[in-house]
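> Here it is, the structure, as structure tokens.
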Amino acid sequence: MKKVFHSAISKAGTCVLAATLVLGGCPIGAHAYDTNFQVESTAAKSAAATPDPTWNATNVTAPESVGFTNANAAKTLKTIQNKDFAEFEKDPSKLPWMDKLLVNKGIIPDDDTNAVNTLFSRGSALYMRTQEAEKLGFVGQPYYADTLNQSALINVDFGSASITEDSERRLNYPSHESQTFTGSNLTVVQKKFITEGNTAVALYAITNTSNSPVTFTMTVSSPFAKESRGDELIGTKVAAPMMVNTTQSGSVSAMSYVDVHLAGRGLSPDNDKLTKEITVPAGKAVQQNVVMGWIAKELPQSKVDYTAYKAYSNADAFKNQVETYNSWLADNIPYIDIADKNVKKVIYYRWWCNRFNILDAEVPGNDWQFPMNMEGVLGYNNGITVSVPWAMQDLKWLRDPTYVYGTWLAQGEYSGDDNYKNNPGRPGTWTWDMMQNTSQVGLEAYKIHGGGSKILKKFADYAKGDVLGSLTRFGGTGDFANLICYNHGPITGNDGDCVGMHYQSSKGNNYARIDGSSTVYANAVAAAKMYTELGDSANAKLMNDKAEAIRNAMLKEFWYEGSDFDGDKEKDTDGEGSFLHRQVATNAYVPYRDNNMFAFSFGVAPTALEKTAYPDYAKYTTQLKDYGDPAFYPLFPFYTADQNSITKRVNDLKKGDTDKTCCDHFAWCNFGNYINLLRSSMRYYPVSNINADTYKKLFEYGAWLHTVEPGNTDHLDANEFFWSSDFAMDATANSKPTGNLVRSWIHHDTLGMMDYSVIEDMAGLQPRLDNKIELWPLNVNDDHFVVDNVRYHNKDLTIVWQKSAGTYEGVPQGFSLYVDGKLVMNNNEMSHVIYNPETGTVEKPTDDVPGAVGNNQNTVVNTQALPDSSISAASKTSLASNSKTVDLFNKAGIDLSHDTENLGQHRTMA
């Protein structure tokens with residue numbers, strides 16, 4: 001493996017590297033990492049011919065202590081947890097499954113700025129942005145929601161005892177980090193973590209390896225706590241977060257003030273430090289702790305955690321943290337088992353990433369009041385509008401709806417009755433109003449968790465405001481009325497990779513865009529469905545009319561008939577034509593393609609079921625022939641841009657074109673966008689080059705790309721984006737898409753989505769507003785899989801496939817559905833079916849597009865259930881028993897606990 005780091009210019013172009021801020025494009029001091037994987041090695045004539053990714057035979061894929069069986073349906077993770085905790089309490093070295101599965105050993109190879117090896121545990125607001133792990137204590141950049149502008153949280157020094165970390169023995173688990181230091185006849189094991197309640201804890205086991213006592217003075221200090229009070233050092237009204245970079249300079253006043261308390265067993269204040277003389281008898285060991293609490297009035301758990309961990313023995317502190325952390329996972333994520341253990345490991349790593357990038361600070365005001373996903377807490381660290389729905393696609397399947405609803409509420413509340421906007425808490429980072437399909441994904445979340453009409457009305461109004469606001473902010477005029485026009489590449493979220501934004505830019509840099517128009521269309525359709533569910537026919541008609549106007553404009557203005565886009569007599573598509581962006585100033589079709597497939601992902605293109613209204617519907621689907629062709633859209637790498645367009649752009653540069661250059665990157669958002677394209681194609685736009693094998697191979701490459709050392713799952717990292725070394729960051733006349741795969745600098749990111757597809761596409765669960773359960777799997781050719789403990793309409797669902805009985809004990813052969821642990825359906829094959837709980841029967845839809853995946857003509861229903869009236873429609877599903885969700889909506893002005901009229905709402909004041 002070559003370990004080569006490149007200084008970053010930017011994600012999209014030039015970025016000035018100065019200070020320690022994040023200026024729109026790239027994090028300062030960023031480096032990229034060269035791997036030894038040649039990107040051209042995956043080149044093939046088609047997706048089918050693309051070689052499969054390869055995995056190391058020595059990869060650690062820790063098995064669960066308990067496998068899925070019929071007996072633990074709906075409770076597999078809890079069953080695993082109970083057994084693991086029982087073993088852990090007998091022997092603390094036997095950690096729970098998720099810790100064993102996702103541990104990082106030693107130093108991750110691409111640790112360029114102490115970011116990738118950062119502490120994996122974090123609090124609801126407090127975490128380590130970077131970490132100098134070779135030092136005792138918590139050294140590195142601490143963040144409380146955002147930067148605190150300090151280089152350490154806690155400094156720990158052992159005085160005359162000179163010890164050095166043995167980095168080969170470093171074990172970074174999700175719940176804690178364990179490190180070993182040696183020297184001066186001592187072996188020191190440091191276990192450290194940050195609790196959910198924002199208490200930082202370091203536990204020390206100090207062993208004397210010599211025949212004589214060892215004495216040294218332990219000193220603990222922190223820039224946040226310097227005032228002596230009793231046995232503690234404290235800091236009062238510490239500004240948290242100290243925001244940076246308003247209008248690229250200055251700072252924002254703190255939105256919260258936190259009291260910081262620092263203590264340790266037997267440590268005493270000595271001016272602005274804590275000290276203690278420690279003597280370790282010959283051949284013996286002593287225990288020591290250091291505890292720092294960040295106590296915020298708005299977070300009662302912060303005081304509870306500090307008080308508890310200050311009093312705990314080391315053993316009790318460690319036990320409580322490990323069990324509390326792992327309990328969150330068992331309480332919130334579905335259990336997934338698939339045949340490929342490497343891909344399975346990455347799926348669980350992605351669940352961990354989702355947790356790691358959630359901010360739940362409850363900071364007063366409209367910035368970070370709600371639990372929400374942050375794009376890259378180790379990078380941009382903001383609720384960036386374009387990436388919000390990508391994160392929500394996964395978050396919606398967490399069992400607790402607080403995280404997906406909180407993310408949507410955050411967007412809606414600080415956007416007002418207007419298009420969705422970026423979180424104002426990060427005013428200098430990715431500040432543009434951006435392309436997104438938040439309302440579309442949000443409606444899918446509501447179909448899963450429900451909550452009642454008051455919630456839906458709130459979300460429907462957000463959605464309407466966003467659609468109308470987006471068209472006001474970005475809508476074109478004349479021929480481009482009802483289309484979205486962008487004049488800045490980052491608005492798409494793909495920066496310079498949107499090569500279409502670079503076409504003849506000297507003639508005008510405003511472009512009518514397929515991607516933004518498609519997402520606004522999807523949001524309008526979602527808003528119409530929400531209002532229809534609410535019985536608001538006027539607003540439903542408004543949004544339906546707007547959606548239809550957008551769609552008609554897209555079909556009229558974006559579709560280009562023919563395969564030669566620019567008149568050079570060269571084929572630019574394998575289809576009869578293509579959706580193309582338009583340049584507003586010249587009215588020209590843009591021959592450079594990027595994100596052009598969005599028209600299929602979001603249902604803009606007509607299907608065969610609409611042939612009466614659109615008799616020429618079939619021509620649109622021919623564009624999908626380009627997918628998998630390396631000359632256009634290779635399966636891997638999953639570039640943003642059509643590679644034929646990239647070649648033309650580079651050729652233009654060779655000819656002396658002075659227009660903007662471009663990039664040729666690929667990122668997790670591209671992976672998710674192509675997954676969305678494939679599943680839409682297989683269900684609504686069937687073509688021969690896109691099938692279950694195509695989907696499976698793309699999914700496997702998405703998992704494989706998490707491996708820092710190609711194929712090695714022992715070190716996983718969801719970097720923000722990637723490129724090839726021969727192309728470089730930005731295109732030049734010499735660029736070509738070959739060479740080493742290069743990984744970017746933001747680590748453990750959630751820019752994109754993955755795990756949702758296991759539930760919705762492998763298992764096939766299609767969220768619905770009514771009380772029926774629809775399964776429409778993509779028929780991936782796997783021997784077996786199970787998705788268990790999926791929360792849906794306040795029920796726990798289990799979906800199982802096994803080609804032959806025996807993989808899962810007590811489960812029948814075939815395709816099975818369980819509700820609350822009870823088998824309600826078993827069929828002979830995977831196909832498109834609907835379980836109707838009111839009758840207990842299995843329905844077989846007959847109105848699918850001809851040739852679509854899921855043909856059910858040969859489906860035999862082996863097992864059906866008795867009628868079950870306990871499964872509610874989404875709007876009848878109550879969330880009143882979830883105190884966290886109730887509190888969430890209370891902050892947004894919705895009372896879920898009382899279904900009563902607000903008597904003061906319409907009252908006339910005297």
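Each chain in the structure tokens gets a letter, A, B, ..., in the order shown, and its residues are numbered from 1; ligands are numbered from 1 in order too.
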Write down as a count of residues only the residues of stretch 58-145 of chain A whose backbone DSSP state falls under alpha helix (DSSP H).
21
> Could you give me the residues within stretch 586-727 of chain A that DSSP places in strand (DSSP E), as a ChimeraX atom specification?
/A:666-667,721-724
> Return the single residue from A:Val833, A:Ala463, A:Met128, A:Leu471 that is closest to A:Gly379, with distances computed using only C-alpha atoms.
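Using only C-alpha atoms, the shortest distance to A:Gly379 belongs to A:Met128.
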> As JSON, numbers by chain, please: the residues near A:Thr187 (cut-off 8 Å, only C-alpha atoms, same-chain neighbours under 4 positions excluded).
{"A": [180, 181, 182, 183, 206, 207, 208, 209]}
> Dump all heavy atoms for the selected residues as a short mmCIF file (atom, residue, chain, number, x, y, z; two decimals), in the first residue's frame?

data_model
loop_
_atom_site.label_atom_id
_atom_site.label_comp_id
_atom_site.auth_asym_id
_atom_site.auth_seq_id
_atom_site.Cartn_x
_atom_site.Cartn_y
_atom_site.Cartn_z
N THR A 180 -2.62 1.41 25.25
CA THR A 180 -1.59 0.92 26.17
C THR A 180 -0.33 1.78 26.05
O THR A 180 0.18 1.99 24.94
CB THR A 180 -1.23 -0.55 25.86
OG1 THR A 180 -2.43 -1.34 25.98
CG2 THR A 180 -0.17 -1.06 26.82
N PHE A 181 0.14 2.26 27.19
CA PHE A 181 1.35 3.08 27.27
C PHE A 181 2.36 2.35 28.14
O PHE A 181 1.99 1.71 29.14
CB PHE A 181 1.05 4.44 27.89
CG PHE A 181 0.11 5.30 27.10
CD1 PHE A 181 -1.27 5.05 27.12
CD2 PHE A 181 0.57 6.36 26.35
CE1 PHE A 181 -2.14 5.84 26.41
CE2 PHE A 181 -0.31 7.16 25.63
CZ PHE A 181 -1.66 6.90 25.65
N THR A 182 3.62 2.41 27.78
CA THR A 182 4.66 1.75 28.57
C THR A 182 5.85 2.69 28.76
O THR A 182 6.06 3.62 27.98
CB THR A 182 5.15 0.47 27.88
OG1 THR A 182 5.64 0.78 26.58
CG2 THR A 182 4.03 -0.56 27.77
N GLY A 183 6.63 2.41 29.82
CA GLY A 183 7.83 3.18 30.13
C GLY A 183 7.96 3.39 31.61
O GLY A 183 6.99 3.28 32.36
N ILE A 206 -2.93 1.36 36.13
CA ILE A 206 -1.49 1.65 36.13
C ILE A 206 -0.78 0.51 36.85
O ILE A 206 -0.96 0.30 38.05
CB ILE A 206 -1.21 2.99 36.85
CG1 ILE A 206 -2.10 4.10 36.26
CG2 ILE A 206 0.26 3.36 36.74
CD1 ILE A 206 -2.12 5.37 37.09
N THR A 207 0.01 -0.25 36.11
CA THR A 207 0.67 -1.44 36.65
C THR A 207 2.17 -1.22 36.73
O THR A 207 2.81 -0.77 35.77
CB THR A 207 0.38 -2.66 35.77
OG1 THR A 207 -1.04 -2.85 35.70
CG2 THR A 207 1.03 -3.91 36.33
N ASN A 208 2.73 -1.56 37.88
CA ASN A 208 4.18 -1.50 38.10
C ASN A 208 4.78 -2.84 37.70
O ASN A 208 4.47 -3.87 38.29
CB ASN A 208 4.46 -1.19 39.58
CG ASN A 208 5.95 -1.04 39.88
OD1 ASN A 208 6.80 -1.39 39.07
ND2 ASN A 208 6.24 -0.52 41.07
N THR A 209 5.64 -2.84 36.70
CA THR A 209 6.24 -4.08 36.20
C THR A 209 7.59 -4.36 36.84
O THR A 209 8.27 -5.33 36.44
CB THR A 209 6.40 -4.01 34.68
OG1 THR A 209 7.23 -2.89 34.34
CG2 THR A 209 5.05 -3.88 33.98
#
> Report as a list in words all protein, DNA and RNA residues lying within 8 Å of stretch 476-481 of chain A, evaluated on only C-alpha atoms, omitting residues in the same chain fewer than 4 positions from it.
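Returned residues: Leu471, Cys485, Ala512, Ala553, Glu557 and Val584 of chain A.
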